[in-house]
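Engineer: This is the content of protein_19.cif (mmCIF, C-alpha atoms):
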data_start
loop_
_atom_site.group_PDB
_atom_site.id
_atom_site.type_symbol
_atom_site.label_atom_id
_atom_site.label_comp_id
_atom_site.auth_asym_id
_atom_site.auth_seq_id
_atom_site.Cartn_x
_atom_site.Cartn_y
_atom_site.Cartn_z
ATOM 1 C CA MET O 1 -49.326 199.138 125.493
ATOM 2 C CA MET O 2 -51.220 202.374 125.180
ATOM 3 C CA SER O 3 -50.574 206.010 124.785
ATOM 4 C CA VAL O 4 -53.009 208.860 124.910
ATOM 5 C CA VAL O 5 -52.027 210.676 121.753
ATOM 6 C CA SER O 6 -53.947 213.854 122.335
ATOM 7 C CA SER O 7 -56.693 215.307 124.388
ATOM 8 C CA VAL O 8 -58.543 218.506 123.615
ATOM 9 C CA THR O 9 -61.174 220.254 125.702
ATOM 10 C CA ASP O 10 -63.367 222.961 124.237
ATOM 11 C CA PRO O 11 -65.206 224.741 127.069
ATOM 12 C CA LYS O 12 -67.213 226.904 124.656
ATOM 13 C CA ALA O 13 -68.581 223.941 122.712
ATOM 14 C CA LEU O 14 -68.630 221.766 125.862
ATOM 15 C CA THR O 15 -66.772 218.979 124.093
ATOM 16 C CA LEU O 16 -63.874 216.750 125.037
ATOM 17 C CA THR O 17 -61.904 214.709 122.510
ATOM 18 C CA VAL O 18 -59.446 212.062 123.669
ATOM 19 C CA VAL O 19 -57.342 210.080 121.193
ATOM 20 C CA ALA O 20 -55.626 206.894 122.363
ATOM 21 C CA GLN O 21 -53.537 204.348 120.520
ATOM 22 C CA PHE O 22 -53.463 200.616 121.228
ATOM 23 C CA ALA O 23 -51.253 197.739 120.130
ATOM 24 C CA ALA O 24 -54.219 195.622 118.996
ATOM 25 C CA SER O 25 -56.461 195.296 115.959
ATOM 26 C CA PRO O 26 -59.584 197.469 115.511
ATOM 27 C CA GLU O 27 -61.694 194.287 115.865
ATOM 28 C CA ARG O 28 -60.085 193.559 119.222
ATOM 29 C CA VAL O 29 -60.667 197.158 120.413
ATOM 30 C CA TRP O 30 -64.270 196.955 119.193
ATOM 31 C CA ALA O 31 -64.785 193.891 121.404
ATOM 32 C CA VAL O 32 -64.104 195.848 124.609
ATOM 33 C CA TRP O 33 -67.175 197.953 123.746
ATOM 34 C CA GLU O 34 -69.368 195.156 122.485
ATOM 35 C CA ASP O 35 -68.791 192.527 125.169
ATOM 36 C CA PRO O 36 -70.390 193.725 128.439
ATOM 37 C CA ARG O 37 -68.070 191.536 130.512
ATOM 38 C CA GLN O 38 -65.050 193.337 129.031
ATOM 39 C CA LEU O 39 -66.790 196.717 129.060
ATOM 40 C CA GLU O 40 -67.465 196.579 132.782
ATOM 41 C CA ARG O 41 -63.792 195.944 133.458
ATOM 42 C CA TRP O 42 -62.838 199.407 132.179
ATOM 43 C CA TRP O 43 -65.914 201.686 132.172
ATOM 44 C CA GLY O 44 -65.697 202.450 135.884
ATOM 45 C CA PRO O 45 -62.519 203.028 137.900
ATOM 46 C CA PRO O 46 -61.331 200.181 140.179
ATOM 47 C CA THR O 47 -62.823 202.049 143.151
ATOM 48 C CA TYR O 48 -66.193 202.413 141.395
ATOM 49 C CA PRO O 49 -66.620 199.342 139.179
ATOM 50 C CA ALA O 50 -69.530 199.198 136.741
ATOM 51 C CA THR O 51 -71.850 196.248 136.251
ATOM 52 C CA PHE O 52 -73.838 196.102 133.004
ATOM 53 C CA THR O 53 -77.147 194.343 133.523
ATOM 54 C CA ARG O 54 -78.245 194.977 129.935
ATOM 55 C CA HIS O 55 -76.256 195.726 126.786
ATOM 56 C CA ASP O 56 -78.319 195.607 123.582
ATOM 57 C CA PHE O 57 -75.500 196.354 121.196
ATOM 58 C CA GLU O 58 -77.533 197.342 118.152
ATOM 59 C CA VAL O 59 -78.873 200.589 116.697
ATOM 60 C CA GLY O 60 -81.656 201.790 119.000
ATOM 61 C CA GLY O 61 -80.558 199.288 121.628
ATOM 62 C CA GLU O 62 -80.097 200.309 125.253
ATOM 63 C CA SER O 63 -77.838 199.451 128.134
ATOM 64 C CA ARG O 64 -78.319 199.618 131.866
ATOM 65 C CA TYR O 65 -75.497 199.681 134.350
ATOM 66 C CA TYR O 66 -74.714 200.588 137.901
ATOM 67 C CA MET O 67 -71.547 201.601 139.668
ATOM 68 C CA THR O 68 -70.739 200.521 143.198
ATOM 69 C CA GLY O 69 -68.496 202.671 145.359
ATOM 70 C CA PRO O 70 -66.150 201.679 148.174
ATOM 71 C CA GLU O 71 -68.660 202.830 150.788
ATOM 72 C CA THR O 72 -72.001 201.251 151.470
ATOM 73 C CA ASP O 73 -73.778 204.050 149.584
ATOM 74 C CA ALA O 74 -76.513 203.093 147.156
ATOM 75 C CA PRO O 75 -75.114 202.246 143.695
ATOM 76 C CA LEU O 76 -75.261 204.889 140.954
ATOM 77 C CA HIS O 77 -77.286 203.909 137.908
ATOM 78 C CA GLY O 78 -76.712 204.882 134.289
ATOM 79 C CA TRP O 79 -77.889 204.040 130.803
ATOM 80 C CA TRP O 80 -76.809 204.102 127.150
ATOM 81 C CA ARG O 81 -78.810 204.301 123.961
ATOM 82 C CA MET O 82 -76.969 203.312 120.782
ATOM 83 C CA SER O 83 -77.610 205.466 117.702
ATOM 84 C CA VAL O 84 -74.780 204.363 115.391
ATOM 85 C CA ILE O 85 -73.085 200.966 115.318
ATOM 86 C CA ASP O 86 -70.711 200.483 112.411
ATOM 87 C CA GLU O 87 -68.500 197.537 113.379
ATOM 88 C CA PRO O 88 -65.549 197.905 113.876
ATOM 89 C CA ARG O 89 -65.273 201.569 112.958
ATOM 90 C CA ARG O 90 -67.809 203.799 114.611
ATOM 91 C CA LEU O 91 -70.054 203.804 117.638
ATOM 92 C CA GLU O 92 -72.326 206.600 118.844
ATOM 93 C CA PHE O 93 -74.470 206.527 121.918
ATOM 94 C CA ALA O 94 -76.217 208.688 124.486
ATOM 95 C CA ASN O 95 -75.113 208.206 128.093
ATOM 96 C CA GLY O 96 -77.452 209.334 130.834
ATOM 97 C CA ILE O 97 -78.237 209.078 134.501
ATOM 98 C CA ALA O 98 -80.813 206.606 135.769
ATOM 99 C CA GLY O 99 -82.796 206.577 138.987
ATOM 100 C CA ASP O 100 -82.633 204.035 141.778
ATOM 101 C CA ASP O 101 -84.890 201.746 139.712
ATOM 102 C CA GLY O 102 -82.204 201.697 137.004
ATOM 103 C CA GLU O 103 -84.413 203.446 134.438
ATOM 104 C CA PRO O 104 -83.496 206.759 132.726
ATOM 105 C CA LEU O 105 -84.324 209.811 134.824
ATOM 106 C CA PRO O 106 -86.771 212.078 133.009
ATOM 107 C CA GLY O 107 -85.666 215.680 132.560
ATOM 108 C CA VAL O 108 -81.942 214.968 132.711
ATOM 109 C CA ASP O 109 -80.298 215.242 129.295
ATOM 110 C CA PRO O 110 -77.809 212.538 128.388
ATOM 111 C CA MET O 111 -74.349 213.326 127.053
ATOM 112 C CA ALA O 112 -73.402 212.258 123.542
ATOM 113 C CA ALA O 113 -70.436 209.940 122.988
ATOM 114 C CA HIS O 114 -68.923 209.409 119.529
ATOM 115 C CA VAL O 115 -66.266 206.743 119.210
ATOM 116 C CA THR O 116 -64.100 206.243 116.125
ATOM 117 C CA ILE O 117 -61.836 203.207 115.829
ATOM 118 C CA GLU O 118 -59.303 202.974 112.997
ATOM 119 C CA ALA O 119 -56.247 200.951 112.072
ATOM 120 C CA PHE O 120 -53.140 203.065 112.546
ATOM 121 C CA ASP O 121 -49.444 202.283 112.418
ATOM 122 C CA GLY O 122 -49.869 198.556 112.985
ATOM 123 C CA GLY O 123 -52.244 199.134 115.888
ATOM 124 C CA THR O 124 -55.466 200.989 116.484
ATOM 125 C CA ARG O 125 -56.328 204.583 117.122
ATOM 126 C CA MET O 126 -59.462 205.220 119.156
ATOM 127 C CA THR O 127 -61.034 208.682 119.323
ATOM 128 C CA THR O 128 -63.760 209.394 121.852
ATOM 129 C CA GLU O 129 -65.657 212.641 121.626
ATOM 130 C CA SER O 130 -67.970 213.605 124.473
ATOM 131 C CA THR O 131 -70.470 216.436 124.067
ATOM 132 C CA PHE O 132 -72.350 217.945 126.965
ATOM 133 C CA VAL O 133 -75.424 220.168 127.204
ATOM 134 C CA ASP O 134 -74.521 222.564 130.013
ATOM 135 C CA VAL O 135 -72.531 222.905 133.215
ATOM 136 C CA ALA O 136 -75.365 221.595 135.404
ATOM 137 C CA GLN O 137 -75.577 218.401 133.351
ATOM 138 C CA MET O 138 -71.807 217.976 133.486
ATOM 139 C CA GLU O 139 -71.868 218.210 137.269
ATOM 140 C CA LYS O 140 -74.554 215.546 137.484
ATOM 141 C CA MET O 141 -72.729 213.266 135.075
ATOM 142 C CA LEU O 142 -69.482 213.784 136.917
ATOM 143 C CA ALA O 143 -71.014 212.484 140.112
ATOM 144 C CA MET O 144 -71.258 209.158 138.245
ATOM 145 C CA GLY O 145 -67.511 209.029 137.702
ATOM 146 C CA MET O 146 -66.447 211.066 140.652
ATOM 147 C CA ALA O 147 -63.782 208.758 142.012
ATOM 148 C CA GLU O 148 -61.490 209.564 139.117
ATOM 149 C CA GLY O 149 -62.538 213.082 138.275
ATOM 150 C CA MET O 150 -61.673 214.557 141.636
ATOM 151 C CA THR O 151 -57.972 213.984 141.958
ATOM 152 C CA GLN O 152 -56.774 216.536 139.480
ATOM 153 C CA ALA O 153 -58.816 219.389 140.883
ATOM 154 C CA VAL O 154 -56.121 220.881 143.030
ATOM 155 C CA ASP O 155 -53.570 221.075 140.238
ATOM 156 C CA GLN O 156 -55.970 223.111 138.166
ATOM 157 C CA ILE O 157 -56.409 225.905 140.651
ATOM 158 C CA GLU O 158 -53.540 228.066 139.489
ATOM 159 C CA LYS O 159 -54.752 227.774 135.936
ATOM 160 C CA LEU O 160 -58.266 228.766 136.966
ATOM 161 C CA LEU O 161 -57.059 231.868 138.736
ATOM 162 C CA SER O 162 -54.625 233.044 136.094
ATOM 163 C CA MET S 1 -63.790 233.350 139.006
ATOM 164 C CA VAL S 2 -64.055 237.111 138.769
ATOM 165 C CA VAL S 3 -64.187 239.262 135.685
ATOM 166 C CA HIS S 4 -63.111 242.613 137.018
ATOM 167 C CA GLN S 5 -59.550 243.555 137.885
ATOM 168 C CA LEU S 6 -58.616 242.363 141.358
ATOM 169 C CA SER S 7 -57.292 244.765 143.951
ATOM 170 C CA ASP S 8 -54.060 243.921 145.787
ATOM 171 C CA GLN S 9 -56.104 243.214 148.874
ATOM 172 C CA GLU S 10 -58.322 240.755 147.030
ATOM 173 C CA VAL S 11 -55.341 238.971 145.489
ATOM 174 C CA ASP S 12 -53.816 238.776 148.947
ATOM 175 C CA ARG S 13 -56.937 237.136 150.340
ATOM 176 C CA ILE S 14 -57.029 234.615 147.506
ATOM 177 C CA PHE S 15 -53.401 233.618 147.992
ATOM 178 C CA ARG S 16 -53.811 233.343 151.728
ATOM 179 C CA ALA S 17 -56.971 231.292 151.293
ATOM 180 C CA LEU S 18 -55.233 228.884 148.936
ATOM 181 C CA ALA S 19 -52.009 228.645 150.931
ATOM 182 C CA ASP S 20 -53.621 225.859 152.952
ATOM 183 C CA ALA S 21 -53.825 222.304 151.550
ATOM 184 C CA THR S 22 -57.252 221.561 153.039
ATOM 185 C CA ARG S 23 -58.703 224.768 151.620
ATOM 186 C CA ARG S 24 -57.235 224.003 148.197
ATOM 187 C CA ASP S 25 -58.819 220.581 148.403
ATOM 188 C CA ILE S 26 -62.209 221.996 149.426
ATOM 189 C CA PHE S 27 -62.099 224.584 146.646
ATOM 190 C CA GLY S 28 -61.109 221.973 144.062
ATOM 191 C CA ARG S 29 -64.018 219.776 145.083
ATOM 192 C CA VAL S 30 -66.767 222.404 145.160
ATOM 193 C CA ILE S 31 -65.791 223.601 141.675
ATOM 194 C CA ARG S 32 -66.872 220.203 140.390
ATOM 195 C CA ASN S 33 -69.863 219.732 142.639
ATOM 196 C CA CYS S 34 -71.768 221.840 145.135
ATOM 197 C CA LEU S 35 -71.313 220.175 148.516
ATOM 198 C CA SER S 36 -72.806 220.744 151.940
ATOM 199 C CA VAL S 37 -70.529 221.750 154.799
ATOM 200 C CA SER S 38 -71.432 218.535 156.619
ATOM 201 C CA THR S 39 -70.532 216.393 153.577
ATOM 202 C CA LEU S 40 -67.195 218.177 153.435
ATOM 203 C CA ALA S 41 -66.726 217.777 157.183
ATOM 204 C CA SER S 42 -67.220 214.005 156.967
ATOM 205 C CA ASP S 43 -64.298 213.758 154.544
ATOM 206 C CA TYR S 44 -61.655 215.481 156.634
ATOM 207 C CA GLU S 45 -60.103 214.487 159.895
ATOM 208 C CA MET S 46 -61.146 217.631 161.664
ATOM 209 C CA SER S 47 -64.153 218.984 163.464
ATOM 210 C CA PHE S 48 -67.214 220.400 161.701
ATOM 211 C CA ALA S 49 -66.254 223.808 163.106
ATOM 212 C CA GLY S 50 -62.758 223.412 161.678
ATOM 213 C CA VAL S 51 -64.101 222.748 158.200
ATOM 214 C CA GLN S 52 -66.569 225.601 158.558
ATOM 215 C CA LYS S 53 -63.685 227.913 159.377
ATOM 216 C CA HIS S 54 -61.836 226.883 156.216
ATOM 217 C CA VAL S 55 -64.980 227.489 154.169
ATOM 218 C CA SER S 56 -65.315 230.978 155.692
ATOM 219 C CA VAL S 57 -61.763 231.847 154.670
ATOM 220 C CA LEU S 58 -62.549 230.752 151.092
ATOM 221 C CA GLU S 59 -65.770 232.734 151.233
ATOM 222 C CA ARG S 60 -63.988 235.931 152.326
ATOM 223 C CA ALA S 61 -61.669 235.522 149.333
ATOM 224 C CA SER S 62 -64.775 235.219 147.120
ATOM 225 C CA LEU S 63 -63.643 231.774 145.983
ATOM 226 C CA VAL S 64 -66.816 230.102 147.231
ATOM 227 C CA THR S 65 -70.367 231.070 148.129
ATOM 228 C CA LYS S 66 -72.438 229.516 150.895
ATOM 229 C CA GLU S 67 -76.161 229.091 150.439
ATOM 230 C CA PRO S 68 -78.621 227.796 153.017
ATOM 231 C CA HIS S 69 -80.617 224.773 151.909
ATOM 232 C CA GLY S 70 -82.945 223.581 154.646
ATOM 233 C CA ARG S 71 -80.726 222.944 157.643
ATOM 234 C CA GLU S 72 -77.677 222.511 155.435
ATOM 235 C CA GLN S 73 -75.170 225.032 154.129
ATOM 236 C CA ILE S 74 -74.332 224.322 150.490
ATOM 237 C CA VAL S 75 -70.921 225.468 149.252
ATOM 238 C CA HIS S 76 -70.505 226.496 145.593
ATOM 239 C CA GLY S 77 -67.270 227.293 143.795
ATOM 240 C CA ASN S 78 -67.231 230.798 142.313
ATOM 241 C CA LEU S 79 -66.036 230.564 138.750
ATOM 242 C CA SER S 80 -67.183 232.064 135.484
ATOM 243 C CA THR S 81 -69.281 229.613 133.480
ATOM 244 C CA LEU S 82 -66.507 229.160 130.951
ATOM 245 C CA ARG S 83 -63.883 228.376 133.580
ATOM 246 C CA HIS S 84 -66.333 226.145 135.352
ATOM 247 C CA ALA S 85 -66.955 224.238 132.118
ATOM 248 C CA ALA S 86 -63.197 223.968 131.560
ATOM 249 C CA ALA S 87 -62.682 222.522 135.046
ATOM 250 C CA LEU S 88 -65.454 219.978 134.521
ATOM 251 C CA LEU S 89 -64.155 218.957 131.093
ATOM 252 C CA GLU S 90 -60.757 218.358 132.636
ATOM 253 C CA ALA S 91 -62.360 216.023 135.126
ATOM 254 C CA PHE S 92 -63.986 214.073 132.280
ATOM 255 C CA GLU S 93 -60.663 214.076 130.474
ATOM 256 C CA GLU S 94 -59.133 212.324 133.445
ATOM 257 C CA ILE S 95 -61.964 209.783 133.420
ATOM 258 C CA TRP S 96 -61.351 208.984 129.729
ATOM 259 C CA ILE S 97 -57.593 208.714 130.160
ATOM 260 C CA GLY S 98 -58.245 206.246 132.996
ATOM 261 C CA ARG S 99 -60.609 204.287 130.747
ATOM 262 C CA ALA S 100 -58.094 204.176 127.890
ATOM 263 C CA SER S 101 -55.382 202.813 130.171
ATOM 264 C CA ARG S 102 -57.718 200.128 131.519
ATOM 265 C CA ILE S 103 -58.647 199.135 127.945
ATOM 266 C CA ALA S 104 -54.929 198.832 127.190
ATOM 267 C CA GLU S 105 -54.485 196.516 130.184
ATOM 268 C CA ILE S 106 -57.265 194.270 128.938
ATOM 269 C CA LEU S 107 -55.790 194.233 125.426
ATOM 270 C CA ASP S 108 -52.347 193.365 126.792
ATOM 271 C CA GLU S 109 -53.569 190.248 128.573
ATOM 272 C CA LYS S 110 -52.256 186.949 127.255
ATOM 273 C CA GLY S 111 -54.459 185.361 124.653
ATOM 274 C CA SER S 112 -56.557 188.503 124.313
ATOM 275 C CA ALA S 113 -55.643 189.115 120.654
#
Turn this file's structure into structure tokens for me.
Structural biologist:
Amino acid sequence: MMSVVSSVTDPKALTLTVVAQFAASPERVWAVWEDPRQLERWWGPPTYPATFTRHDFEVGGESRYYMTGPETDAPLHGWWRMSVIDEPRRLEFANGIAGDDGEPLPGVDPMAAHVTIEAFDGGTRMTTESTFVDVAQMEKMLAMGMAEGMTQAVDQIEKLLS
Amino acid sequence: MVVHQLSDQEVDRIFRALADATRRDIFGRVIRNCLSVSTLASDYEMSFAGVQKHVSVLERASLVTKEPHGREQIVHGNLSTLRHAAALLEAFEEIWIGRASRIAEILDEKGSA
């Protein structure tokens, strides 16, 4: 059982904060981040599943992953670099785009992800805060998760024009 | 989109441009990512010329801009930076909500706790 408790976007600060609540312990929620086999079951959408080929879950450690789309297009590569690991409470990492060789692309800034996991009301509350550098970077990052990000576009049009 | 006050004629063009489902779809997509006309054309069940026509209608309403890039025509959404950022953040919001619901599914599996 899950509910997204709140979600706040701040276009001026280029941040997004999503709070979700789970009926499981913080240790159990932590495991879906730590265990690459669990992580790859949720990081990408079903149409664009992620495969983590490396997941050094320690401060300064890095991850490598790729996402495979429904078409025969070349897979999209990405990377993480962990800066804070405070089990089972806090996780901070940079998430960037990698080239076809799977290694980080130079000159493309990563986004920053801050994850807070805390016991709440018999379950767990997980807060993810994403911080971006600029619109161009967001567009590039979005291409990595496109399958999901596209669907809502049309509903937003009226809001954009108002 | 635009900062200045729109004239009735401009508003009319915008509404007419967005009255069509394909054009709304094209506009929604190019806000998130600049796309070439041929990329767009490959995603719709209509001719290249048909898609090009839709793009022209959006262009006349100042909703998109076309820019030549080699032999390709790249279509950009016309939004203020702030609105553009808001649209992109909403796309990431959707990604994170999808992730949270997949985490919940994993946590709900038998023997997972």
Engineer: Could you state which residues are captured by the PyMOL selection byres ((chain S and resi 23) around 10) in this file, as a PyMOL selection string?
Structural biologist: (chain O and resi 154) or (chain S and resi 16-22+24-29+51+53-58)
Engineer: Now that the selection is made, can you save its residues with C-alpha atoms as a compact mmCIF listing (two decimals), in the coordinates of the input?
Structural biologist:
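part-v6.txt, written as the output of this step:
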# COMPACT_ATOMS: atom_id res chain seq x y z
CA VAL O 154 -56.12 220.88 143.03
CA ARG S 16 -53.81 233.34 151.73
CA ALA S 17 -56.97 231.29 151.29
CA LEU S 18 -55.23 228.88 148.94
CA ALA S 19 -52.01 228.64 150.93
CA ASP S 20 -53.62 225.86 152.95
CA ALA S 21 -53.82 222.30 151.55
CA THR S 22 -57.25 221.56 153.04
CA ARG S 24 -57.24 224.00 148.20
CA ASP S 25 -58.82 220.58 148.40
CA ILE S 26 -62.21 222.00 149.43
CA PHE S 27 -62.10 224.58 146.65
CA GLY S 28 -61.11 221.97 144.06
CA ARG S 29 -64.02 219.78 145.08
CA VAL S 51 -64.10 222.75 158.20
CA LYS S 53 -63.68 227.91 159.38
CA HIS S 54 -61.84 226.88 156.22
CA VAL S 55 -64.98 227.49 154.17
CA SER S 56 -65.32 230.98 155.69
CA VAL S 57 -61.76 231.85 154.67
CA LEU S 58 -62.55 230.75 151.09
Engineer: Which residues come within 6 Å of stretch 113-115 of chain O, counting all atoms listed in the file, excluding same-chain residues fewer than 3 positions away, as a ChimeraX atom specification?
Structural biologist: /O:90-93,127-130
Engineer: Write out, as a Markdown table, each residue of chain S that has an atom at most 10 Å from chain O, together with the closest pair of atoms and their distance in Å to one decimal, counting all atoms listed in the file, rows going by chain and rising number.
Structural biologist:
| residue | atom | partner | partner_atom | distance |
| --- | --- | --- | --- | --- |
| S:Met1 | CA | O:Leu161 | CA | 6.9 |
| S:Val2 | CA | O:Leu161 | CA | 8.7 |
| S:Val11 | CA | O:Leu161 | CA | 10.0 |
| S:Ile14 | CA | O:Leu161 | CA | 9.2 |
| S:Leu18 | CA | O:Ile157 | CA | 8.9 |
| S:Ala21 | CA | O:Val154 | CA | 8.9 |
| S:Arg23 | CA | O:Val154 | CA | 9.8 |
| S:Arg24 | CA | O:Val154 | CA | 6.1 |
| S:Asp25 | CA | O:Val154 | CA | 6.0 |
| S:Ile26 | CA | O:Val154 | CA | 8.9 |
| S:Phe27 | CA | O:Val154 | CA | 7.9 |
| S:Gly28 | CA | O:Ala153 | CA | 4.7 |
| S:Arg29 | CA | O:Met150 | CA | 6.7 |
| S:Val30 | CA | O:Ala153 | CA | 9.5 |
| S:Ile31 | CA | O:Ala153 | CA | 8.2 |
| S:Arg32 | CA | O:Glu139 | CA | 6.2 |
| S:Asn33 | CA | O:Glu139 | CA | 5.9 |
| S:Cys34 | CA | O:Glu139 | CA | 8.7 |
| S:Leu63 | CA | O:Leu161 | CA | 9.8 |
| S:Leu79 | CA | O:Leu160 | CA | 8.2 |
| S:Ser80 | CA | O:Leu160 | CA | 9.6 |
| S:Thr81 | CA | O:Val135 | CA | 7.5 |
| S:Leu82 | CA | O:Pro11 | CA | 6.0 |
| S:Arg83 | CA | O:Leu160 | CA | 6.6 |
| S:His84 | CA | O:Val135 | CA | 7.3 |
| S:Ala85 | CA | O:Pro11 | CA | 5.4 |
| S:Ala86 | CA | O:Pro11 | CA | 5.0 |
| S:Ala87 | CA | O:Gln156 | CA | 7.4 |
| S:Leu88 | CA | O:Met138 | CA | 6.7 |
| S:Leu89 | CA | O:Thr9 | CA | 6.3 |
| S:Glu90 | CA | O:Thr9 | CA | 7.2 |
| S:Ala91 | CA | O:Gly149 | CA | 4.3 |
| S:Phe92 | CA | O:Gly149 | CA | 6.2 |
| S:Glu93 | CA | O:Leu16 | CA | 6.9 |
| S:Glu94 | CA | O:Gly149 | CA | 6.0 |
| S:Ile95 | CA | O:Glu148 | CA | 5.7 |
| S:Trp96 | CA | O:Val18 | CA | 7.1 |
| S:Ile97 | CA | O:Val4 | CA | 7.0 |
| S:Gly98 | CA | O:Pro45 | CA | 7.3 |
| S:Arg99 | CA | O:Trp42 | CA | 5.6 |
| S:Ala100 | CA | O:Ala20 | CA | 6.6 |
| S:Ser101 | CA | O:Met2 | CA | 6.5 |
| S:Arg102 | CA | O:Trp42 | CA | 5.2 |
| S:Ile103 | CA | O:Trp42 | CA | 6.0 |
| S:Ala104 | CA | O:Met2 | CA | 5.5 |
| S:Glu105 | CA | O:Met1 | CA | 7.4 |
| S:Ile106 | CA | O:Gln38 | CA | 7.8 |
| S:Leu107 | CA | O:Ala24 | CA | 6.8 |
| S:Asp108 | CA | O:Met1 | CA | 6.6 |
| S:Ser112 | CA | O:Arg28 | CA | 8.0 |
| S:Ala113 | CA | O:Arg28 | CA | 6.4 |
Engineer: How many Å separate atom CA of O:Val84 from atom CA of O:Glu34?
Structural biologist: 12.8 Å
Engineer: Please report the interatomic distance between atom CA of O:Ser83 and atom CA of O:Gly99 in Å with one decimal.
Structural biologist: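 Those two atoms sit 21.9 Å apart.
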Engineer: So the first atom is atom CA of O:Glu62 and the second is atom CA of O:Pro49; what is the distance between them in Å, to one decimal place?
Structural biologist: 19.4 Å
